[in-house]
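Scroll down for the structure; my scribbles are underneath it.
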Amino acid sequence: MAKKTSASPEMEKMRHSCAHVLAQAVLQMFPEAKLGFGPAIENGFYYDFELPRTLIPEDLPLIEKKMKHIVKQNQKFKKYEKPIKESITFLDKINQDYKVEAANDLAKEGHDTIKFFENVDQKGQGTFVDMCEGPHLESTGKLGAYKLTHTAGAYWKGDEKRPMLQRIYGVCFATQKELDEHLKKLEEAKKRDHRKLGTELELFTFDEEVGAGLPLWLPKGAYIRHKIMEFAFNTYLANGYDPVCTPHIANVALWSHSGHLDFYGDSMYGSLTIDEEEYRLKPMNCPFHVKMYNNTTRSYRELPFRWTEMGTVYRYERSGTLHGLTRVRGFTQDDAHIICRPDQLKEELRKALDLTLFILKTFGFEDIEMNVSVRDPENKEKFIGDDKRWEQAEDTLKEVLEESGFKDYVYDIGGAVFYGPKIDVKVADSIGRMWQLSTIQFDFNLPERFGMTYVGEDGNDHVPYMIHRALLGSLERFMGVLIEHYGGAFPAWLAPTPIVFIPVAQTHEKYAEEIMEKFKKEGIRAEMYPATDTLGKRIRAAEMKKIPYMAVIGDKEVEGKSLAIRDYKTKKQNSYPAAKFLKQLEKEISQQQ
RNA sequence: GCCAUCGUAGCUCAGUGGUAGAGCACACCCAUGGUAAGGGUGGGGUCCCGGGUUCAAAUCCCGGCGAUGGCUCCA
């Protein structure tokens with residue numbers, strides 16, 4: 001989930017002021033506490049501390065109580081500036097080691113003075129002082145609604161080699177109403193959590209004995225995953241791609257040649273010995289596709305190649321980074337490599353972008369943010385490949401985006417991978433959270449390393465452009481995002497069971513069975529909930545499984561050869577002639593395939 | 001990997017040193033029901049794994065594995 005800070009300067013001021021109030025409260029509780037940084041963040045703030053003991057959840061209400069008291073005192077935020085030397089001496093005197101270090105950093109950057117904010121109570125007494133750039137509210141009484149949410153460890157200066165401090169997170173809004181709305185939104189997000197829904201809807205599971213980060217797809221989840229994969233793959237084939245297929249392991253020589261062993265060896269799984277040769281699990285599909293390209297002499301007439309593969313790769317992710325389906329150790333990419341001539345570059349990028357938009361829109365992602373990552377011109381040596389190619393690639397990426405109407409893309413200078421510039425596509429889900437899904441990347445590394453060429457019109461060898469693209473990203477991650485986007489209520493074309501038949505009583509089961517068979521015959525996956533439980537209970541069960549359509553069958557339906565359809569989305573009920581609804585559902589399902 | 005918290009039935013969870021529990025789910029019986037939980041009976045547990053302390057460990061201690069919230073990382 002991307003973190004965007006879009007708060008107004010006023011809110012940032014309030015949130016940062018709230019962090020100061022928190023720091024003062026913590027110092028009251030632990031006078032020996034050492035302060036780190038305490039900035040405003042999206043929806044709130046945090047402050048880092050070195051404390052004599054570990055905080056427990058019960059500490060937060062106590063700290064909040066002290067904060068309330070500080071707010072009530074309506075302390076003024078008083079700003080002043082001191083020469084840097086004097087400041088460092090002062091910070092050293094009050095034993096704020098981290099602040100001393102931060103002040104020394106500022107000195108190195110050429111600052112002559114340091115700004116401070118001091119809290120002063122109604123009697124004019126100083127209660128708390130912090131080295132700080134500001135700005136702040138006029139006084140603590142102006143603070144809106146806030147709440148401390150949780151604690152976590154965080155490295156000093158974000159450096160894993162430095163000490164770990166205790167971070168206290170809080171949320172802060174101008175009014176209690178906004179705070180409540182925010183907390184409600186968090187509740188909603190919790191309900192949609194794909195890990196929770198994955199268990200409830202029997203989509204996937206993990207098993208300790210299998211290993212961390214290795215999802216097991218249960219039948220219903222595997223069906224959805226399959227449908228997504230089938231849809232994507234068929235769409236690619238219909239758009240000029242050719243399928244390829246490659247193994248899961250390869251001789252270590254390949255990874256050595258490709259450079260993966262040198263650059264990403266830490267993320268690759270250990271060796272397998274086969275006939276005294278070392279093999280490795282693949283972390284990427286690229287080198288295989290390159291090898292297939294190099295399989296024979298290529299002519300300029302053949303290009304472009306668009307080779308796609310649902311490639312399962314394995315990467316070592318550090319244990320603390322694993323998260324449900326969105327960060328796993330084995331996953332399948334809807335991978336493809338486009339190999340083309342310079343004169344085809346723009347057209348190929350345009351096509352790839354159009355395809356991306358089509359795929360994302362099919363799944364109901366309408367709010368799309370483009371990110372262009374280019375090389376840092378100041379640090380060219382960190383990037384492989386010649387200037388001319390980088391410039392053409394970067395310019396073409398920008399042109400294609402702008403021509404497609406994405407004028408205000410996010411431009412990340414220096415954000416490119418060492419082997420080429422790229423476009424990353426982020427989408428907003430149904431409750432507004434941003435997720436990075438698609439990626440379109442240039443690769444200047446592999447063509448060079450593997451000597452990829454084609455014979456040009458002039459009879460000479462030329463190096464082609466290679467574009468790596470994955471539109472869903474990884475099936476696992478995409479499924480995780482999609483579960484949360486739909487809140488588990490998949491549309492009929494993806495639902496493992498689009499319709500369930502519910503006979504009112506046992507006497508209606510035979511008719512229900514007959515109708516269900518007609519649906520099944522047309523390829524619609526249907527289930528029946530026989531009358532072993534009360535009607536209400538079976539309706540409830542279908543609701544909880546978020547089944548798109550329920551067909552209730554009683555005397556009326558048997559008599560009129562109709563179905564009482566309850567729609568999950570609208571919660572409305574309508575009666576349809578059975579044959580008519582079958583056609584309608586069939587159409588709804590096939591539209592997306 | 002780091003910091004913190006957690007790991008008890010398929011799921012959600014209670015159980016603080018003395019014979020392992022509830023609700024839901026599941027099976028069976030009764031009830032034959034018209035749009036979100038009818039009633040009864042029953043089966044189900046290496047209390048994550050290994051070691052230690054103790055007469056006695058789900059419970060206390062140590063190590064490992066896994067999960068959660070963050071940090072760092074994500075080609």
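Lettering and numbering for the structure tokens are positional, with chains as A, B, ... in the shown order, residues counted from 1 in each chain, and ligands counted from 1 in the shown order.
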Nearby residues (only C-alpha atoms (C1' of nucleotides)) at most 12 Å from A:Glu403, same-chain spacing under 3 positions excluded, as a PyMOL selection string: chain A and resi 346-347+349-350+353-354+396-400+406-408
Any chance you could export the current selection's all heavy atoms as a short mmCIF file (atom, residue, chain, number, x, y, z; two decimals), in the first residue's frame?
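This went into again_3.cif:
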data_model
loop_
_atom_site.label_atom_id
_atom_site.label_comp_id
_atom_site.auth_asym_id
_atom_site.auth_seq_id
_atom_site.Cartn_x
_atom_site.Cartn_y
_atom_site.Cartn_z
N LYS A 346 8.30 2.83 -30.00
CA LYS A 346 7.18 3.63 -29.55
C LYS A 346 5.86 2.87 -29.69
O LYS A 346 5.03 2.85 -28.76
CB LYS A 346 7.11 4.93 -30.35
CG LYS A 346 6.17 5.92 -29.75
CD LYS A 346 6.37 7.29 -30.33
CE LYS A 346 5.37 8.25 -29.73
NZ LYS A 346 5.47 9.58 -30.35
N GLU A 347 5.68 2.24 -30.83
CA GLU A 347 4.47 1.50 -31.08
C GLU A 347 4.31 0.36 -30.06
O GLU A 347 3.22 0.12 -29.54
CB GLU A 347 4.52 0.94 -32.52
CG GLU A 347 3.33 0.08 -32.93
CD GLU A 347 2.02 0.86 -33.01
OE1 GLU A 347 2.03 2.08 -32.80
OE2 GLU A 347 0.98 0.21 -33.26
N LEU A 349 5.58 0.16 -27.03
CA LEU A 349 5.26 0.70 -25.70
C LEU A 349 3.80 1.14 -25.63
O LEU A 349 3.13 0.91 -24.63
CB LEU A 349 6.17 1.88 -25.37
CG LEU A 349 7.59 1.49 -24.93
CD1 LEU A 349 8.44 2.75 -24.78
CD2 LEU A 349 7.57 0.72 -23.62
N ARG A 350 3.35 1.75 -26.73
CA ARG A 350 1.96 2.20 -26.75
C ARG A 350 1.02 1.00 -26.60
O ARG A 350 0.07 1.03 -25.82
CB ARG A 350 1.68 2.94 -28.06
CG ARG A 350 0.39 3.76 -28.04
CD ARG A 350 0.09 4.39 -29.39
NE ARG A 350 0.03 3.40 -30.48
CZ ARG A 350 -0.98 2.55 -30.66
NH1 ARG A 350 -2.00 2.54 -29.84
NH2 ARG A 350 -0.95 1.69 -31.65
N LEU A 353 1.05 -0.35 -23.11
CA LEU A 353 0.31 0.52 -22.21
C LEU A 353 -1.20 0.34 -22.39
O LEU A 353 -1.95 0.23 -21.41
CB LEU A 353 0.70 1.98 -22.45
CG LEU A 353 0.15 2.98 -21.44
CD1 LEU A 353 0.76 2.74 -20.07
CD2 LEU A 353 0.42 4.41 -21.90
N ASP A 354 -1.64 0.28 -23.64
CA ASP A 354 -3.06 0.07 -23.91
C ASP A 354 -3.55 -1.24 -23.32
O ASP A 354 -4.63 -1.32 -22.73
CB ASP A 354 -3.32 0.04 -25.43
CG ASP A 354 -3.24 1.44 -26.03
OD1 ASP A 354 -3.18 2.41 -25.25
OD2 ASP A 354 -3.23 1.55 -27.27
N THR A 396 10.85 8.04 -25.00
CA THR A 396 9.71 7.32 -25.56
C THR A 396 8.69 6.99 -24.46
O THR A 396 7.48 7.13 -24.68
CB THR A 396 10.17 6.03 -26.26
OG1 THR A 396 11.30 6.34 -27.07
CG2 THR A 396 9.08 5.46 -27.13
N LEU A 397 9.15 6.60 -23.31
CA LEU A 397 8.23 6.31 -22.20
C LEU A 397 7.37 7.54 -21.91
O LEU A 397 6.15 7.43 -21.78
CB LEU A 397 9.02 5.93 -20.93
CG LEU A 397 9.59 4.52 -20.83
CD1 LEU A 397 10.34 4.35 -19.51
CD2 LEU A 397 8.49 3.48 -20.92
N LYS A 398 8.02 8.67 -21.80
CA LYS A 398 7.30 9.91 -21.47
C LYS A 398 6.32 10.28 -22.58
O LYS A 398 5.17 10.62 -22.30
CB LYS A 398 8.29 11.05 -21.23
CG LYS A 398 8.98 10.92 -19.87
CD LYS A 398 9.89 12.10 -19.59
CE LYS A 398 11.32 11.77 -19.97
NZ LYS A 398 12.26 12.87 -19.72
N GLU A 399 6.80 10.20 -23.83
CA GLU A 399 5.93 10.55 -24.96
C GLU A 399 4.68 9.68 -24.99
O GLU A 399 3.56 10.18 -25.15
CB GLU A 399 6.68 10.34 -26.29
CG GLU A 399 7.58 11.49 -26.68
CD GLU A 399 8.51 11.09 -27.81
OE1 GLU A 399 8.10 10.25 -28.66
OE2 GLU A 399 9.65 11.59 -27.85
N VAL A 400 4.89 8.39 -24.83
CA VAL A 400 3.76 7.46 -24.92
C VAL A 400 2.75 7.75 -23.82
O VAL A 400 1.54 7.77 -24.06
CB VAL A 400 4.26 5.99 -24.85
CG1 VAL A 400 3.11 5.04 -24.60
CG2 VAL A 400 5.00 5.63 -26.12
N PHE A 406 -1.87 10.64 -19.97
CA PHE A 406 -1.34 10.66 -18.60
C PHE A 406 -0.32 11.79 -18.47
O PHE A 406 0.88 11.57 -18.52
CB PHE A 406 -0.72 9.32 -18.24
CG PHE A 406 -1.73 8.22 -18.11
CD1 PHE A 406 -1.97 7.37 -19.17
CD2 PHE A 406 -2.45 8.06 -16.95
CE1 PHE A 406 -2.92 6.36 -19.07
CE2 PHE A 406 -3.40 7.06 -16.84
CZ PHE A 406 -3.64 6.21 -17.91
N LYS A 407 -0.85 13.00 -18.33
CA LYS A 407 0.04 14.17 -18.30
C LYS A 407 0.72 14.33 -16.95
O LYS A 407 1.86 14.78 -16.86
CB LYS A 407 -0.77 15.43 -18.61
CG LYS A 407 -1.45 15.41 -19.98
CD LYS A 407 -0.69 16.27 -20.97
CE LYS A 407 -1.41 16.41 -22.30
NZ LYS A 407 -1.54 15.17 -23.07
N ASP A 408 0.01 13.97 -15.87
CA ASP A 408 0.60 14.24 -14.56
C ASP A 408 1.09 12.96 -13.88
O ASP A 408 0.72 12.64 -12.77
CB ASP A 408 -0.39 14.98 -13.65
CG ASP A 408 -1.74 14.30 -13.62
OD1 ASP A 408 -1.93 13.36 -14.43
OD2 ASP A 408 -2.59 14.67 -12.80
#
Spatial neighbours of A:Arg225, 9 Å, only C-alpha atoms (C1' of nucleotides), chain gap at least 5 places, as a list of chain:residue names: A:Trp217, A:Lys220, A:Glu230, A:Leu475, A:Glu476, A:Met479, A:Leu494
I need the residues from that last selection saved to file as an mmCIF file, in the first residue's frame (with C-alpha atoms), if you can.
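Result file follows (again_37.cif):
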data_model
loop_
_atom_site.group_PDB
_atom_site.id
_atom_site.type_symbol
_atom_site.label_atom_id
_atom_site.label_comp_id
_atom_site.auth_asym_id
_atom_site.auth_seq_id
_atom_site.Cartn_x
_atom_site.Cartn_y
_atom_site.Cartn_z
ATOM 1 C CA TRP A 217 -4.471 -22.621 -3.259
ATOM 2 C CA LYS A 220 -12.203 -22.018 -4.840
ATOM 3 C CA GLU A 230 -6.756 -17.655 -18.474
ATOM 4 C CA LEU A 475 -0.869 -13.722 -9.712
ATOM 5 C CA GLU A 476 -0.525 -14.063 -5.960
ATOM 6 C CA MET A 479 -5.278 -12.019 -6.137
ATOM 7 C CA LEU A 494 -14.708 -14.938 -11.524
#
Please identify all residues of chain A having at least one atom at most 8 Å from any atom of chain B, considering only C-alpha atoms (C1' of nucleotides), and return them as a short mmCIF file (atom, residue, chain, number, x, y, z; two decimals) with N, CA, C and O atoms, in the first residue's frame.
data_model
loop_
_atom_site.label_atom_id
_atom_site.label_comp_id
_atom_site.auth_asym_id
_atom_site.auth_seq_id
_atom_site.Cartn_x
_atom_site.Cartn_y
_atom_site.Cartn_z
N HIS A 150 -0.55 2.40 18.07
CA HIS A 150 0.28 1.22 18.33
C HIS A 150 1.75 1.59 18.46
O HIS A 150 2.14 2.72 18.17
N THR A 151 2.53 0.65 18.92
CA THR A 151 3.97 0.86 19.04
C THR A 151 4.68 -0.09 18.09
O THR A 151 4.10 -1.09 17.66
N ALA A 152 5.91 0.22 17.75
CA ALA A 152 6.68 -0.63 16.85
C ALA A 152 8.14 -0.28 17.00
O ALA A 152 8.48 0.79 17.50
N GLY A 153 8.99 -1.17 16.57
CA GLY A 153 10.42 -0.88 16.57
C GLY A 153 10.77 -0.15 15.30
O GLY A 153 10.16 -0.38 14.26
N ALA A 154 11.74 0.74 15.37
CA ALA A 154 12.17 1.45 14.16
C ALA A 154 13.64 1.83 14.32
O ALA A 154 14.04 2.31 15.38
N TYR A 155 14.42 1.58 13.29
CA TYR A 155 15.85 1.89 13.37
C TYR A 155 16.07 3.40 13.38
O TYR A 155 15.38 4.14 12.68
N GLY A 158 16.50 5.09 10.18
CA GLY A 158 16.10 4.09 9.19
C GLY A 158 17.24 3.18 8.77
O GLY A 158 17.15 2.51 7.74
N ASP A 159 18.29 3.14 9.57
CA ASP A 159 19.47 2.37 9.20
C ASP A 159 19.52 1.11 10.06
O ASP A 159 19.62 1.19 11.28
N GLU A 160 19.48 -0.04 9.42
CA GLU A 160 19.39 -1.27 10.22
C GLU A 160 20.66 -1.58 11.00
O GLU A 160 20.68 -2.50 11.80
N MET A 164 17.79 0.23 17.50
CA MET A 164 16.37 0.24 17.24
C MET A 164 15.67 0.99 18.36
O MET A 164 15.87 0.70 19.53
N LEU A 165 14.87 1.96 17.98
CA LEU A 165 14.14 2.76 18.95
C LEU A 165 12.70 2.26 19.02
O LEU A 165 12.28 1.48 18.17
N GLN A 166 11.99 2.73 20.03
CA GLN A 166 10.57 2.38 20.13
C GLN A 166 9.76 3.51 19.54
O GLN A 166 9.89 4.66 19.95
N GLU A 200 -12.07 -17.37 5.34
CA GLU A 200 -13.53 -17.46 5.39
C GLU A 200 -14.13 -18.03 4.10
O GLU A 200 -15.09 -18.78 4.16
N GLU A 208 2.57 -24.29 8.22
CA GLU A 208 3.90 -24.16 8.81
C GLU A 208 4.87 -25.19 8.26
O GLU A 208 6.05 -24.90 8.05
N ALA A 212 7.00 -20.80 5.18
CA ALA A 212 6.50 -19.43 5.13
C ALA A 212 6.51 -18.91 3.70
O ALA A 212 7.39 -19.24 2.92
N PHE A 263 24.35 -9.87 -8.74
CA PHE A 263 23.54 -8.76 -8.22
C PHE A 263 22.47 -9.19 -7.24
O PHE A 263 22.15 -8.47 -6.31
N TYR A 264 21.89 -10.38 -7.44
CA TYR A 264 20.75 -10.79 -6.61
C TYR A 264 20.94 -12.15 -5.98
O TYR A 264 19.96 -12.79 -5.60
N GLU A 317 12.64 -13.83 0.28
CA GLU A 317 12.24 -12.57 0.90
C GLU A 317 12.49 -12.73 2.38
O GLU A 317 12.18 -13.77 2.96
N ARG A 318 13.04 -11.70 3.01
CA ARG A 318 13.35 -11.81 4.43
C ARG A 318 12.06 -12.07 5.23
O ARG A 318 11.00 -11.51 4.90
N SER A 319 12.20 -12.90 6.27
CA SER A 319 11.01 -13.39 6.97
C SER A 319 10.06 -12.28 7.41
O SER A 319 8.86 -12.42 7.32
N GLY A 320 10.62 -11.17 7.88
CA GLY A 320 9.77 -10.09 8.37
C GLY A 320 8.99 -9.36 7.29
O GLY A 320 8.13 -8.56 7.60
N THR A 321 9.31 -9.62 6.03
CA THR A 321 8.65 -8.87 4.95
C THR A 321 7.47 -9.64 4.37
O THR A 321 6.70 -9.07 3.61
N VAL A 417 15.81 1.07 -12.38
CA VAL A 417 16.64 -0.06 -11.99
C VAL A 417 17.95 0.09 -12.77
O VAL A 417 17.97 0.76 -13.80
N VAL A 504 -36.86 -24.58 -1.18
CA VAL A 504 -37.48 -24.21 0.10
C VAL A 504 -37.63 -25.45 0.99
O VAL A 504 -37.28 -25.41 2.16
N ALA A 505 -38.15 -26.53 0.43
CA ALA A 505 -38.32 -27.76 1.20
C ALA A 505 -37.86 -28.94 0.36
O ALA A 505 -37.57 -28.80 -0.83
N GLN A 506 -37.79 -30.10 0.97
CA GLN A 506 -37.30 -31.28 0.26
C GLN A 506 -38.10 -31.58 -1.00
O GLN A 506 -37.56 -32.07 -1.98
N THR A 534 -32.87 -24.99 7.85
CA THR A 534 -33.96 -24.06 7.55
C THR A 534 -33.55 -23.16 6.40
O THR A 534 -32.37 -22.95 6.13
N LEU A 535 -34.56 -22.61 5.75
CA LEU A 535 -34.31 -21.74 4.61
C LEU A 535 -33.44 -20.54 5.01
O LEU A 535 -32.46 -20.21 4.34
N GLY A 536 -33.81 -19.95 6.15
CA GLY A 536 -33.07 -18.77 6.61
C GLY A 536 -31.61 -19.07 6.80
O GLY A 536 -30.73 -18.26 6.46
N LYS A 537 -31.32 -20.23 7.30
CA LYS A 537 -29.95 -20.60 7.58
C LYS A 537 -29.15 -20.78 6.28
O LYS A 537 -27.99 -20.38 6.20
N ILE A 539 -29.86 -19.35 3.38
CA ILE A 539 -29.71 -18.02 2.76
C ILE A 539 -28.53 -17.32 3.41
O ILE A 539 -27.69 -16.72 2.75
N ARG A 540 -28.45 -17.45 4.71
CA ARG A 540 -27.37 -16.81 5.46
C ARG A 540 -26.02 -17.37 5.01
O ARG A 540 -25.06 -16.64 4.80
N ALA A 541 -25.98 -18.70 4.86
CA ALA A 541 -24.73 -19.34 4.44
C ALA A 541 -24.27 -18.82 3.09
O ALA A 541 -23.09 -18.52 2.89
N GLU A 543 -25.07 -15.97 1.73
CA GLU A 543 -24.68 -14.57 1.90
C GLU A 543 -23.24 -14.49 2.40
O GLU A 543 -22.45 -13.69 1.94
N GLY A 554 -39.41 -22.69 -4.61
CA GLY A 554 -40.50 -23.22 -3.79
C GLY A 554 -41.67 -23.60 -4.70
O GLY A 554 -41.49 -23.78 -5.90
#
List every residue of stretch 233-307 of chain A that DSSP, applied to the backbone of this structure, places in strand (DSSP E), and write the result as a PDB file with N, CA, C and O atoms, in the first residue's frame.
ATOM      1  N   ASP A 242       3.107 -14.449 -28.410  1.00  0.00           N
ATOM      2  CA  ASP A 242       3.243 -15.893 -28.581  1.00  0.00           C
ATOM      3  C   ASP A 242       3.614 -16.512 -27.249  1.00  0.00           C
ATOM      4  O   ASP A 242       4.368 -15.924 -26.486  1.00  0.00           O
ATOM      5  N   PRO A 243       3.076 -17.701 -26.993  1.00  0.00           N
ATOM      6  CA  PRO A 243       3.402 -18.343 -25.711  1.00  0.00           C
ATOM      7  C   PRO A 243       4.778 -18.989 -25.750  1.00  0.00           C
ATOM      8  O   PRO A 243       5.197 -19.499 -26.787  1.00  0.00           O
ATOM      9  N   ILE A 249      14.216 -24.555 -12.984  1.00  0.00           N
ATOM     10  CA  ILE A 249      15.607 -24.520 -12.527  1.00  0.00           C
ATOM     11  C   ILE A 249      16.526 -24.378 -13.737  1.00  0.00           C
ATOM     12  O   ILE A 249      16.129 -24.674 -14.864  1.00  0.00           O
ATOM     13  N   ALA A 250      17.715 -23.888 -13.468  1.00  0.00           N
ATOM     14  CA  ALA A 250      18.705 -23.788 -14.545  1.00  0.00           C
ATOM     15  C   ALA A 250      20.095 -23.899 -13.948  1.00  0.00           C
ATOM     16  O   ALA A 250      20.305 -23.572 -12.771  1.00  0.00           O
ATOM     17  N   ASN A 251      21.004 -24.329 -14.769  1.00  0.00           N
ATOM     18  CA  ASN A 251      22.405 -24.434 -14.377  1.00  0.00           C
ATOM     19  C   ASN A 251      22.890 -23.084 -13.864  1.00  0.00           C
ATOM     20  O   ASN A 251      22.536 -22.041 -14.409  1.00  0.00           O
ATOM     21  N   LEU A 272      21.134 -26.831  -6.019  1.00  0.00           N
ATOM     22  CA  LEU A 272      20.740 -28.230  -6.152  1.00  0.00           C
ATOM     23  C   LEU A 272      21.865 -28.857  -6.956  1.00  0.00           C
ATOM     24  O   LEU A 272      22.316 -28.262  -7.925  1.00  0.00           O
ATOM     25  N   THR A 273      22.294 -30.026  -6.553  1.00  0.00           N
ATOM     26  CA  THR A 273      23.357 -30.649  -7.338  1.00  0.00           C
ATOM     27  C   THR A 273      22.746 -31.760  -8.181  1.00  0.00           C
ATOM     28  O   THR A 273      22.080 -32.645  -7.660  1.00  0.00           O
ATOM     29  N   ILE A 274      22.951 -31.636  -9.484  1.00  0.00           N
ATOM     30  CA  ILE A 274      22.427 -32.638 -10.409  1.00  0.00           C
ATOM     31  C   ILE A 274      23.586 -33.089 -11.287  1.00  0.00           C
ATOM     32  O   ILE A 274      24.195 -32.255 -11.977  1.00  0.00           O
ATOM     33  N   GLU A 277      26.629 -31.059 -11.291  1.00  0.00           N
ATOM     34  CA  GLU A 277      26.530 -29.677 -11.757  1.00  0.00           C
ATOM     35  C   GLU A 277      25.617 -28.941 -10.782  1.00  0.00           C
ATOM     36  O   GLU A 277      24.667 -29.518 -10.250  1.00  0.00           O
ATOM     37  N   GLU A 278      25.876 -27.641 -10.597  1.00  0.00           N
ATOM     38  CA  GLU A 278      25.048 -26.855  -9.691  1.00  0.00           C
ATOM     39  C   GLU A 278      23.891 -26.203 -10.440  1.00  0.00           C
ATOM     40  O   GLU A 278      24.083 -25.590 -11.491  1.00  0.00           O
ATOM     41  N   TYR A 279      22.690 -26.338  -9.885  1.00  0.00           N
ATOM     42  CA  TYR A 279      21.504 -25.707 -10.452  1.00  0.00           C
ATOM     43  C   TYR A 279      20.893 -24.767  -9.430  1.00  0.00           C
ATOM     44  O   TYR A 279      21.072 -24.922  -8.233  1.00  0.00           O
ATOM     45  N   ARG A 280      20.116 -23.792  -9.909  1.00  0.00           N
ATOM     46  CA  ARG A 280      19.428 -22.854  -9.028  1.00  0.00           C
ATOM     47  C   ARG A 280      17.984 -22.694  -9.471  1.00  0.00           C
ATOM     48  O   ARG A 280      17.675 -22.753 -10.656  1.00  0.00           O
ATOM     49  N   LEU A 281      17.108 -22.421  -8.484  1.00  0.00           N
ATOM     50  CA  LEU A 281      15.713 -22.118  -8.787  1.00  0.00           C
ATOM     51  C   LEU A 281      15.654 -20.757  -9.466  1.00  0.00           C
ATOM     52  O   LEU A 281      16.414 -19.862  -9.109  1.00  0.00           O
ATOM     53  N   PHE A 305       9.302  -9.541 -31.455  1.00  0.00           N
ATOM     54  CA  PHE A 305       8.853 -10.754 -30.774  1.00  0.00           C
ATOM     55  C   PHE A 305       8.140 -10.321 -29.511  1.00  0.00           C
ATOM     56  O   PHE A 305       8.593  -9.411 -28.827  1.00  0.00           O
ATOM     57  N   ARG A 306       7.023 -10.986 -29.248  1.00  0.00           N
ATOM     58  CA  ARG A 306       6.341 -10.754 -27.960  1.00  0.00           C
ATOM     59  C   ARG A 306       6.094 -12.123 -27.366  1.00  0.00           C
ATOM     60  O   ARG A 306       5.229 -12.841 -27.838  1.00  0.00           O
ATOM     61  N   TRP A 307       6.907 -12.447 -26.401  1.00  0.00           N
ATOM     62  CA  TRP A 307       6.848 -13.785 -25.825  1.00  0.00           C
ATOM     63  C   TRP A 307       6.310 -13.738 -24.413  1.00  0.00           C
ATOM     64  O   TRP A 307       6.854 -13.033 -23.558  1.00  0.00           O
TER      65      TRP A 307
END
All residues 10 Å or closer to A:Leu357, only C-alpha atoms (C1' of nucleotides), same chain fewer than 5 positions away omitted, as a PyMOL selection string: chain A and resi 351-352+362+365-366+368+425+438+471
C-alpha atoms of the current selection, written as a PDB file, in the first residue's frame:
ATOM      1  CA  LYS A 351       0.500  -1.268 -27.273  1.00  0.00           C
ATOM      2  CA  ALA A 352       1.824  -2.479 -23.943  1.00  0.00           C
ATOM      3  CA  THR A 362     -11.560  -5.332 -16.745  1.00  0.00           C
ATOM      4  CA  PHE A 365      -9.563  -0.517 -11.521  1.00  0.00           C
ATOM      5  CA  GLU A 366     -10.377   2.921 -12.898  1.00  0.00           C
ATOM      6  CA  ILE A 368      -4.705   4.729 -12.217  1.00  0.00           C
ATOM      7  CA  VAL A 425       1.380   1.434 -12.644  1.00  0.00           C
ATOM      8  CA  SER A 438       1.850  -3.456 -13.542  1.00  0.00           C
ATOM      9  CA  LEU A 471       0.675  -6.443 -16.170  1.00  0.00           C
TER      10      LEU A 471
END
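Atom to atom, atom CA of A:Lys93 and atom CA of A:Ala33 stand 13.8 Å apart.
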Long-range neighbours of A:Ser8 as a PyMOL selection string, 12 Å cut-off, only C-alpha atoms (C1' of nucleotides), 3 positions minimum in chain: chain A and resi 5+11-15+40-43+173-174
Please dump the current selection as a compact mmCIF listing (two decimals), in the first residue's frame; keep N, CA, C and O atoms.
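Contents of selection_18.txt, freshly written:
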# COMPACT_ATOMS: atom_id res chain seq x y z
N THR A 5 1.23 11.50 1.24
CA THR A 5 0.91 12.54 2.19
C THR A 5 0.27 13.67 1.41
O THR A 5 0.92 14.39 0.68
N MET A 11 -2.95 20.73 8.66
CA MET A 11 -3.06 19.43 9.32
C MET A 11 -1.68 18.90 9.70
O MET A 11 -1.50 18.32 10.75
N GLU A 12 -0.71 19.13 8.81
CA GLU A 12 0.65 18.67 9.12
C GLU A 12 1.15 19.36 10.38
O GLU A 12 1.80 18.74 11.22
N LYS A 13 0.83 20.62 10.48
CA LYS A 13 1.24 21.41 11.63
C LYS A 13 0.62 20.81 12.90
O LYS A 13 1.28 20.63 13.91
N MET A 14 -0.68 20.51 12.80
CA MET A 14 -1.38 19.96 13.96
C MET A 14 -0.81 18.59 14.33
O MET A 14 -0.56 18.30 15.50
N ARG A 15 -0.58 17.77 13.32
CA ARG A 15 -0.09 16.41 13.59
C ARG A 15 1.31 16.45 14.19
O ARG A 15 1.62 15.68 15.11
N ALA A 40 5.09 14.40 11.25
CA ALA A 40 3.70 14.15 10.87
C ALA A 40 3.74 13.15 9.73
O ALA A 40 4.64 13.16 8.91
N ILE A 41 2.78 12.24 9.71
CA ILE A 41 2.65 11.29 8.61
C ILE A 41 1.21 11.29 8.14
O ILE A 41 0.38 12.01 8.70
N GLU A 42 0.92 10.46 7.14
CA GLU A 42 -0.45 10.36 6.65
C GLU A 42 -1.37 10.01 7.82
O GLU A 42 -1.10 9.05 8.55
N ASN A 43 -2.39 10.79 8.01
CA ASN A 43 -3.40 10.55 9.05
C ASN A 43 -2.94 10.76 10.49
O ASN A 43 -3.70 10.58 11.41
N PHE A 173 -6.73 14.18 13.84
CA PHE A 173 -7.59 14.89 12.89
C PHE A 173 -8.12 16.16 13.53
O PHE A 173 -8.08 16.30 14.76
N ALA A 174 -8.61 17.03 12.68
CA ALA A 174 -9.10 18.32 13.18
C ALA A 174 -10.29 18.15 14.12
O ALA A 174 -10.43 18.86 15.10
Nearby residues (only C-alpha atoms (C1' of nucleotides)) at most 8 Å from B:A57, same-chain spacing under 2 positions excluded, as number ranges by chain: B: 17, 59-60
Written selection (C-alpha atoms (C1' of nucleotides)) as a compact mmCIF listing (two decimals), in the first residue's frame:
# COMPACT_ATOMS: atom_id res chain seq x y z
C1' G B 17 1.20 -24.71 37.91
C1' U B 59 0.41 -22.23 31.93
C1' C B 60 7.20 -20.66 34.23
